[in-house]
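Text of the file entry-v8.tsv, holding TSV, C-alpha atoms and all ligand atoms:
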chain	number	residue	atom	x	y	z
A	1	MET	CA	172.05	86.50	111.34
A	2	LYS	CA	172.07	87.83	114.89
A	3	ILE	CA	173.38	91.34	115.44
A	4	PRO	CA	174.15	92.81	118.88
A	5	ILE	CA	172.90	96.39	119.21
A	6	ILE	CA	173.99	98.82	121.90
A	7	ALA	CA	173.23	102.50	122.47
A	8	ASP	CA	174.30	105.55	124.47
A	9	THR	CA	177.43	104.19	126.12
A	10	HIS	CA	178.48	107.73	127.23
A	11	VAL	CA	182.02	106.84	128.26
A	12	GLY	CA	183.36	109.65	130.48
A	13	VAL	CA	179.95	110.47	131.92
A	14	ARG	CA	179.67	112.55	135.11
A	15	ASN	CA	182.77	114.59	134.45
A	16	ASN	CA	185.05	111.62	133.79
A	17	ASN	CA	184.36	110.17	137.23
A	18	SER	CA	186.43	107.00	137.73
A	19	ILE	CA	183.55	105.22	139.51
A	20	PHE	CA	181.68	105.39	136.18
A	21	HIS	CA	184.76	104.41	134.15
A	22	ASP	CA	185.16	101.28	136.29
A	23	TYR	CA	181.47	100.46	136.28
A	24	GLN	CA	181.27	100.84	132.49
A	25	GLN	CA	184.47	98.88	131.86
A	26	ASP	CA	183.21	96.08	134.10
A	27	PHE	CA	180.11	95.82	131.88
A	28	PHE	CA	182.16	95.50	128.68
A	29	ASP	CA	184.84	93.22	130.13
A	30	ASN	CA	182.58	90.91	132.09
A	31	GLN	CA	179.24	91.01	130.30
A	32	PHE	CA	179.21	92.40	126.77
A	33	PHE	CA	182.39	90.97	125.22
A	34	PRO	CA	182.16	87.57	126.96
A	35	TYR	CA	178.66	87.31	125.41
A	36	ILE	CA	180.06	88.32	121.99
A	37	ASP	CA	182.77	85.66	122.29
A	38	GLU	CA	180.37	82.99	123.47
A	39	HIS	CA	178.19	83.48	120.38
A	40	ASP	CA	181.03	84.38	118.01
A	41	TYR	CA	179.35	87.54	116.77
A	42	LYS	CA	181.35	89.52	114.21
A	43	ILE	CA	179.15	92.57	113.64
A	44	VAL	CA	177.80	95.08	116.15
A	45	VAL	CA	175.59	98.16	115.80
A	46	HIS	CA	176.04	101.21	118.05
A	47	LEU	CA	173.23	103.79	118.02
A	48	GLY	CA	175.29	106.78	119.12
A	49	ASP	CA	176.67	108.81	122.01
A	50	HIS	CA	179.74	106.60	122.30
A	51	LEU	CA	181.37	109.26	124.50
A	52	ASP	CA	179.71	111.71	126.87
A	53	ASN	CA	181.33	115.11	126.48
A	54	ARG	CA	180.81	116.87	123.18
A	55	LYS	CA	183.46	119.54	123.76
A	56	THR	CA	186.47	117.78	125.26
A	57	THR	CA	187.64	114.22	125.60
A	58	ASN	CA	189.57	113.72	128.82
A	59	VAL	CA	192.83	111.79	128.35
A	60	LEU	CA	191.83	109.06	130.80
A	61	THR	CA	188.37	108.76	129.23
A	62	SER	CA	189.96	108.50	125.79
A	63	GLN	CA	192.15	105.63	126.96
A	64	LYS	CA	189.24	103.94	128.74
A	65	PHE	CA	187.12	104.20	125.60
A	66	ASP	CA	189.86	102.45	123.60
A	67	GLU	CA	190.25	99.79	126.29
A	68	MET	CA	186.59	99.03	126.78
A	69	TRP	CA	185.18	99.51	123.27
A	70	THR	CA	187.34	100.14	120.18
A	71	GLN	CA	190.31	97.85	120.95
A	72	PRO	CA	188.17	94.83	121.92
A	73	LEU	CA	186.30	95.24	118.59
A	74	ILE	CA	189.50	95.66	116.54
A	75	ASN	CA	191.26	92.80	118.34
A	76	ARG	CA	188.40	90.46	117.47
A	77	GLY	CA	188.36	91.61	113.82
A	78	MET	CA	184.79	92.79	114.27
A	79	THR	CA	182.83	95.33	112.25
A	80	GLU	CA	180.99	98.11	114.02
A	81	HIS	CA	178.24	100.05	112.29
A	82	GLY	CA	178.19	103.16	114.46
A	83	ILE	CA	175.83	106.11	114.31
A	84	ILE	CA	177.01	109.49	115.46
A	85	GLY	CA	175.03	110.96	118.37
A	86	ASN	CA	174.67	114.51	119.65
A	87	HIS	CA	177.15	113.94	122.50
A	88	THR	CA	180.02	113.29	120.10
A	89	VAL	CA	179.63	116.35	117.86
A	90	TYR	CA	181.29	119.67	118.58
A	91	TYR	CA	178.92	122.06	116.83
A	92	LYS	CA	175.15	122.23	117.09
A	93	ASN	CA	174.57	122.70	113.36
A	94	THR	CA	176.92	120.11	111.80
A	95	ASN	CA	178.52	116.75	112.60
A	96	THR	CA	181.71	117.49	110.67
A	97	VAL	CA	183.77	118.03	113.83
A	98	ASN	CA	183.36	115.12	116.20
A	99	SER	CA	185.17	113.12	118.86
A	100	LEU	CA	185.20	109.81	116.95
A	101	SER	CA	186.70	110.78	113.59
A	102	HIS	CA	190.28	110.08	114.66
A	103	ILE	CA	189.61	106.35	114.97
A	104	TYR	CA	186.50	105.60	112.88
A	105	ASN	CA	186.37	105.10	109.09
A	106	LYS	CA	190.07	104.24	108.97
A	107	GLY	CA	189.75	100.74	107.49
A	108	ASN	CA	189.91	99.09	110.92
A	109	GLY	CA	186.35	97.74	110.90
A	110	LEU	CA	184.93	100.71	112.81
A	111	ILE	CA	182.42	102.35	110.48
A	112	LEU	CA	180.82	105.63	111.50
A	113	TYR	CA	177.74	107.14	109.86
A	114	ASP	CA	178.68	110.71	110.69
A	115	ILE	CA	177.47	113.09	107.99
A	116	HIS	CA	175.30	111.36	105.40
A	117	PRO	CA	172.61	108.72	105.85
A	118	LYS	CA	173.49	105.45	104.11
A	119	GLU	CA	172.01	102.09	103.22
A	120	VAL	CA	173.98	99.01	104.20
A	121	GLU	CA	173.23	95.30	103.94
A	122	ILE	CA	173.76	93.44	107.19
A	123	GLY	CA	172.65	89.83	107.63
A	124	GLY	CA	170.82	89.68	104.29
A	125	ILE	CA	168.57	92.66	105.00
A	126	LEU	CA	168.88	96.34	104.08
A	127	TRP	CA	169.44	98.80	106.94
A	128	GLY	CA	169.20	102.58	106.78
A	129	MET	CA	171.74	104.32	109.00
A	130	VAL	CA	170.93	107.93	109.85
A	131	PRO	CA	173.43	110.12	111.71
A	132	TRP	CA	172.42	112.76	114.30
A	133	ILE	CA	170.24	115.22	112.38
A	134	THR	CA	171.38	118.87	112.34
A	135	ALA	CA	170.66	121.90	110.15
A	136	ASP	CA	173.49	120.73	107.91
A	137	ASN	CA	172.09	117.32	106.94
A	138	GLN	CA	168.41	117.45	107.83
A	139	GLU	CA	167.06	117.76	104.30
A	140	GLU	CA	169.13	114.79	103.16
A	141	CYS	CA	168.17	112.74	106.23
A	142	PHE	CA	164.44	113.42	105.93
A	143	ASP	CA	164.53	112.59	102.20
A	144	PHE	CA	166.34	109.37	103.08
A	145	ILE	CA	163.77	108.40	105.75
A	146	LYS	CA	161.02	109.04	103.21
A	147	ASN	CA	162.54	107.24	100.24
A	148	THR	CA	165.04	104.57	101.33
A	149	LYS	CA	164.38	100.95	100.44
A	150	ALA	CA	165.82	99.91	103.81
A	151	GLU	CA	163.58	97.73	105.96
A	152	ILE	CA	165.39	98.48	109.22
A	153	LEU	CA	166.09	102.07	110.24
A	154	CYS	CA	168.73	103.08	112.81
A	155	GLY	CA	169.41	106.54	114.15
A	156	HIS	CA	169.85	108.87	117.06
A	157	PHE	CA	166.39	110.33	116.75
A	158	GLU	CA	164.05	112.66	118.57
A	159	ILE	CA	160.72	110.95	118.04
A	160	MET	CA	157.47	112.53	119.15
A	161	GLY	CA	155.61	110.85	122.01
A	162	PHE	CA	158.57	108.93	123.46
A	163	TYR	CA	159.94	109.46	126.95
A	164	MET	CA	163.01	111.66	127.26
A	165	ASP	CA	165.05	111.64	130.48
A	166	GLY	CA	163.08	112.32	133.64
A	167	GLY	CA	159.71	110.99	132.50
A	168	HIS	CA	158.78	113.82	130.12
A	169	LYS	CA	157.46	112.98	126.69
A	170	CYS	CA	159.08	114.45	123.60
A	171	GLU	CA	156.64	116.90	122.06
A	172	GLY	CA	158.56	117.67	118.87
A	173	GLY	CA	160.72	115.72	116.48
A	174	ILE	CA	159.93	113.04	113.93
A	175	SER	CA	156.38	111.75	113.86
A	176	VAL	CA	155.65	108.07	114.38
A	177	THR	CA	153.67	108.08	111.13
A	178	ASP	CA	156.78	108.93	109.11
A	179	LEU	CA	158.47	105.79	110.46
A	180	LYS	CA	155.57	103.39	109.96
A	181	ARG	CA	156.88	101.95	106.71
A	182	PHE	CA	159.92	100.34	108.37
A	183	LYS	CA	159.81	96.84	109.78
A	184	ARG	CA	161.79	98.02	112.79
A	185	VAL	CA	163.25	101.32	113.91
A	186	PHE	CA	166.09	101.32	116.45
A	187	SER	CA	167.17	104.54	118.10
A	188	GLY	CA	169.61	105.88	120.62
A	189	HIS	CA	169.29	109.34	122.26
A	190	PHE	CA	166.55	108.91	124.86
A	191	HIS	CA	168.03	106.78	127.64
A	192	LYS	CA	164.90	104.98	128.74
A	193	LYS	CA	164.36	101.58	127.13
A	194	GLN	CA	160.95	101.76	125.44
A	195	THR	CA	159.10	100.31	122.48
A	196	VAL	CA	155.92	101.49	120.79
A	197	ALA	CA	154.75	99.57	117.71
A	198	ASN	CA	157.76	99.20	115.35
A	199	ILE	CA	159.92	101.81	117.14
A	200	SER	CA	162.37	100.95	119.93
A	201	TYR	CA	164.66	103.13	121.99
A	202	LEU	CA	167.15	100.60	123.31
A	203	GLY	CA	168.24	102.62	126.36
A	204	THR	CA	171.64	102.87	127.99
A	205	PRO	CA	173.41	99.56	128.79
A	206	TYR	CA	173.92	100.68	132.39
A	207	ASP	CA	172.91	103.24	135.03
A	208	MET	CA	174.04	106.83	134.67
A	209	THR	CA	171.79	108.90	136.95
A	210	PHE	CA	169.23	108.47	139.73
A	211	THR	CA	166.52	108.62	137.06
A	212	ASP	CA	167.72	105.13	136.06
A	213	LEU	CA	166.46	103.74	139.38
A	214	GLY	CA	163.98	100.98	138.64
A	215	GLU	CA	164.76	100.95	134.89
A	216	THR	CA	165.99	97.84	133.11
A	217	LYS	CA	169.35	98.27	131.42
A	218	GLY	CA	171.35	96.09	129.06
A	219	PHE	CA	171.88	95.42	125.36
A	220	HIS	CA	169.95	93.68	122.59
A	221	ILE	CA	170.42	91.00	119.97
A	222	PHE	CA	168.49	91.51	116.73
A	223	ASP	CA	167.69	88.51	114.55
A	224	THR	CA	167.63	89.61	110.89
A	225	GLU	CA	165.62	86.52	109.88
A	226	THR	CA	162.81	86.58	112.46
A	227	LEU	CA	163.10	90.35	113.19
A	228	ASP	CA	162.96	89.46	116.90
A	229	LEU	CA	164.79	91.65	119.38
A	230	GLU	CA	166.18	89.81	122.38
A	231	PHE	CA	167.08	91.76	125.52
A	232	ILE	CA	170.19	90.82	127.51
A	233	PRO	CA	169.77	92.50	130.91
A	234	ASN	CA	172.64	94.02	132.88
A	235	PRO	CA	172.06	93.08	136.54
A	236	ASN	CA	174.65	95.52	137.93
A	237	LYS	CA	173.10	98.66	139.39
A	238	LEU	CA	175.01	101.80	140.30
A	239	PHE	CA	172.14	103.65	142.00
A	240	HIS	CA	170.13	102.30	144.90
A	241	LYS	CA	167.24	103.47	147.03
A	242	ILE	CA	166.93	102.35	150.64
A	243	TYR	CA	163.98	103.16	152.89
A	244	TYR	CA	164.71	103.91	156.54
A	245	ASP	CA	161.78	103.05	158.78
A	246	ASP	CA	162.66	101.98	162.31
A	247	PHE	CA	158.97	101.84	163.24
A	248	ASN	CA	157.79	99.28	160.67
A	249	ASP	CA	161.13	97.66	159.89
A	250	PRO	CA	162.87	96.87	163.22
A	251	ASP	CA	165.38	94.53	161.54
A	252	ILE	CA	166.80	97.29	159.36
A	253	LEU	CA	170.30	96.84	160.77
A	254	GLU	CA	170.32	93.08	160.25
A	255	LYS	CA	170.21	93.31	156.45
A	256	ASP	CA	173.07	92.72	154.04
A	257	TYR	CA	174.18	96.03	152.50
A	258	SER	CA	177.17	94.74	150.56
A	259	PHE	CA	175.34	95.69	147.33
A	260	VAL	CA	176.07	99.41	147.98
A	261	LYS	CA	179.82	99.02	147.38
A	262	ASN	CA	181.00	101.78	145.01
A	263	CYS	CA	177.38	102.82	144.49
A	264	PHE	CA	175.24	105.92	144.90
A	265	VAL	CA	172.59	105.51	147.60
A	266	ARG	CA	169.48	107.56	148.23
A	267	LEU	CA	168.29	106.93	151.78
A	268	ILE	CA	164.63	107.80	152.11
A	269	VAL	CA	163.66	108.41	155.72
A	270	LEU	CA	160.07	107.45	156.47
A	271	HIS	CA	160.09	107.07	160.26
A	272	LYS	CA	163.10	108.04	162.36
A	273	LYS	CA	162.39	107.52	166.04
A	274	ASP	CA	165.68	105.94	167.00
A	275	HIS	CA	168.53	108.29	166.12
A	276	ALA	CA	171.23	105.91	167.38
A	277	LYS	CA	169.91	103.22	165.08
A	278	PHE	CA	169.90	105.65	162.16
A	279	ASP	CA	173.56	106.48	162.83
A	280	MET	CA	174.37	102.79	163.02
A	281	LEU	CA	172.79	102.28	159.62
A	282	LEU	CA	174.93	105.10	158.19
A	283	ASP	CA	178.02	103.41	159.67
A	284	LYS	CA	176.95	100.13	158.08
A	285	LEU	CA	176.64	101.78	154.67
A	286	GLU	CA	180.05	103.41	155.10
A	287	ASP	CA	181.56	100.07	156.10
A	288	ALA	CA	180.08	98.55	152.96
A	289	GLU	CA	182.11	101.15	150.98
A	290	MET	CA	179.15	103.03	149.58
A	291	TYR	CA	180.43	105.72	147.18
A	292	ARG	CA	178.02	108.56	147.88
A	293	LEU	CA	174.97	109.06	150.10
A	294	GLN	CA	171.98	111.29	149.59
A	295	ILE	CA	169.48	111.50	152.44
A	296	ALA	CA	165.88	112.39	151.62
A	297	GLU	CA	164.20	113.46	154.83
A	298	THR	CA	161.49	116.07	154.67
A	299	VAL	CA	158.45	114.70	156.47
A	300	ASN	CA	158.03	115.44	160.14
A	301	GLU	CA	156.05	113.01	162.20
A	302	SER	CA	152.95	114.79	163.37
A	303	GLU	CA	149.81	113.95	165.15
A	304	ILE	CA	146.77	114.41	163.01
A	305	ASN	CA	143.76	115.87	164.77
A	306	GLY	CA	141.15	114.70	162.30
A	307	THR	CA	139.81	118.10	161.30
A	308	SER	CA	138.27	118.26	157.84
A	309	GLU	CA	139.07	121.92	157.23
A	310	VAL	CA	142.23	122.55	155.19
A	311	ASP	CA	144.51	124.48	157.51
A	312	MET	CA	147.03	126.45	155.43
A	313	SER	CA	149.50	126.46	158.30
A	314	GLN	CA	149.84	122.69	157.87
A	315	SER	CA	152.52	121.16	155.70
A	316	THR	CA	151.50	119.46	152.46
A	317	ILE	CA	151.98	116.00	153.89
A	318	ASP	CA	149.96	116.90	157.00
A	319	ILE	CA	147.10	117.97	154.74
A	320	VAL	CA	147.35	114.66	152.87
A	321	HIS	CA	147.29	112.76	156.18
A	322	THR	CA	144.29	114.72	157.39
A	323	HIS	CA	142.49	113.89	154.18
A	324	ILE	CA	143.29	110.18	154.50
A	325	ASP	CA	142.00	110.20	158.09
A	326	GLY	CA	138.78	111.75	156.87
A	327	LEU	CA	138.17	109.05	154.25
A	328	GLN	CA	135.60	106.33	154.94
A	329	ASN	CA	136.19	102.65	154.13
A	330	ILE	CA	139.98	102.66	154.42
A	331	ALA	CA	141.02	99.53	156.28
A	332	ASP	CA	144.67	100.50	156.63
A	333	SER	CA	145.02	104.26	156.82
A	334	ILE	CA	148.57	103.96	158.24
A	335	GLY	CA	149.58	101.90	155.20
A	336	VAL	CA	148.07	104.48	152.84
A	337	LYS	CA	149.89	107.26	154.70
A	338	ASP	CA	153.16	105.35	154.35
A	339	ILE	CA	152.65	105.09	150.59
A	340	MET	CA	151.87	108.82	150.39
A	341	ASN	CA	154.95	109.63	152.51
A	342	LYS	CA	157.16	107.62	150.16
A	343	LEU	CA	155.68	109.27	147.09
A	344	TYR	CA	155.94	112.74	148.63
A	345	ILE	CA	159.55	112.39	149.75
A	346	GLU	CA	160.57	110.93	146.41
A	347	ALA	CA	158.72	113.67	144.52
A	348	MET	CA	160.44	116.35	146.60
A	349	ASN	CA	163.83	114.84	145.83
A	350	LEU	CA	163.50	114.30	142.09
A	401	MN	MN	172.60	109.83	124.91
Can you dump the structure from the file as structure tokens?
Ligand SMILES: [Mn+2]
Amino acid sequence: MKIPIIADTHVGVRNNNSIFHDYQQDFFDNQFFPYIDEHDYKIVVHLGDHLDNRKTTNVLTSQKFDEMWTQPLINRGMTEHGIIGNHTVYYKNTNTVNSLSHIYNKGNGLILYDIHPKEVEIGGILWGMVPWITADNQEECFDFIKNTKAEILCGHFEIMGFYMDGGHKCEGGISVTDLKRFKRVFSGHFHKKQTVANISYLGTPYDMTFTDLGETKGFHIFDTETLDLEFIPNPNKLFHKIYYDDFNDPDILEKDYSFVKNCFVRLIVLHKKDHAKFDMLLDKLEDAEMYRLQIAETVNESEINGTSEVDMSQSTIDIVHTHIDGLQNIADSIGVKDIMNKLYIEAMNL
């Protein structure tokens, strides 16, 4: 049997911003549920963080969540096996108060693993479903992970060695060795899609911050017979990066910028000689109905004098340029400087 799995939907993210509501709803209405209908799937697994805000659920967000997630499932007579994540629990030390309990576990097909870990058979194979681990349930959850007969393990885990948001690796949490005995482990929580050995973080189905730039987003279909995990990519991006370089890219105004509509744009300025052209580009982005602009512009063009001494009055990027100029055997020192400029500006704006 094939089971769609989704994680970290975070409805209401960025302070209930309607740009995100619309972007998320578009994914469910025009990608996720059409795919479900096309393949006639009846069961779905959600790995947690259905909603974003652990303290309050905004009225509009609550309605949007019903419209884009719970009602489409109920209307289709589907079963959801949902795991509770840290963003849907009110207290740090227990999951007993949470933002999903009013609609889940009410006999409507929406099943939530909220307090206790449980085994459940789905598609002829035994799954272990582990809720967000807190002081309240940790002993029970760790015993379960150690002793369950389940072959597939799902949770909202902190697993050592995996990337958290922003490119940092998790240094604590569950060790990979403790999860070795499972055929597959599927987790929500860290938003970057990543797999090491039998363990997969499935990632968010869509963009939520600038750290999602360059990441692949979407949902997965798990085959309980072959144990294969198929990725269904979401092509719609909410965050974009555009380089401004009127020196190397004279046709910068001729390009099609319609993709920035209702999107966040980071404009990285590499060479700005022609200020009128720069303003015209900004107008073009505005005309394309870009939602919000962030300009990253910290490098000043400077002439490099070729000295090999490190002059502390120079800026960091000037020192890098001086060093590149001093290197032998570089065919394209301008190209290397461009790469360093890009890296530097991006690093300064992380
Ligand atoms: Mn999350």
Long-range neighbours of Val196 (chain A) as a list in words, 9 Å cut-off, all atoms listed in the file, 4 positions minimum in chain: Phe162, Ser200 and Tyr201 of chain A
Residues within 7 Å of Gly218 (chain A), all atoms listed in the file, excluding chain neighbours under 2 positions, as a PyMOL selection string: chain A and resi 204-206+216+232-234
At a cut-off of 7 Å around ligand MN 401 (chain A), and using only C-alpha atoms and all ligand atoms, what residues come up? Please write them as a PDB file with C-alpha atoms, in the frame of the given file.
ATOM      1  CA  ASP A   8     174.300 105.550 124.470  1.00  0.00           C
ATOM      2  CA  HIS A  10     178.480 107.730 127.230  1.00  0.00           C
ATOM      3  CA  ASP A  49     176.670 108.810 122.010  1.00  0.00           C
ATOM      4  CA  HIS A  87     177.150 113.940 122.500  1.00  0.00           C
ATOM      5  CA  GLY A 188     169.610 105.880 120.620  1.00  0.00           C
ATOM      6  CA  HIS A 189     169.290 109.340 122.260  1.00  0.00           C
ATOM      7  CA  PHE A 190     166.550 108.910 124.860  1.00  0.00           C
ATOM      8  CA  HIS A 191     168.030 106.780 127.640  1.00  0.00           C
TER       9      HIS A 191
END
Within-12 Å shell of (172.9, 120.5, 109.8) in input frame, only C-alpha atoms, as a ChimeraX atom specification: /A:86,89,91-97,114-116,131-142
Protein, DNA and RNA residues within 6 Å of (175.1, 91.4, 115.1), all atoms listed in the file, as a list in words: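 Neighbouring residues, ordered by chain and number, come to Lys2, Ile3, Pro4, Tyr41, Ile43 and Val44 of chain A.
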Using all atoms listed in the file, tabulate the residues of region 79-174 of chain A lying at most 12 Å from any atom of region 57-64 of chain A, each with its closest atom pair and that distance in Å to one decimal, by chain and increasing residue number, as a Markdown table.
| residue | atom | partner | partner_atom | distance |
| --- | --- | --- | --- | --- |
| A:His87 | CA | A:Thr57 | CA | 10.9 |
| A:Thr88 | CA | A:Thr57 | CA | 9.4 |
| A:Val89 | CA | A:Thr57 | CA | 11.3 |
| A:Tyr90 | CA | A:Thr57 | CA | 10.9 |
| A:Asn98 | CA | A:Thr57 | CA | 10.4 |
| A:Ser99 | CA | A:Thr57 | CA | 7.3 |
| A:Leu100 | CA | A:Thr57 | CA | 10.0 |
| A:His102 | CA | A:Ser62 | CA | 11.2 |
| A:Ile103 | CA | A:Ser62 | CA | 11.0 |
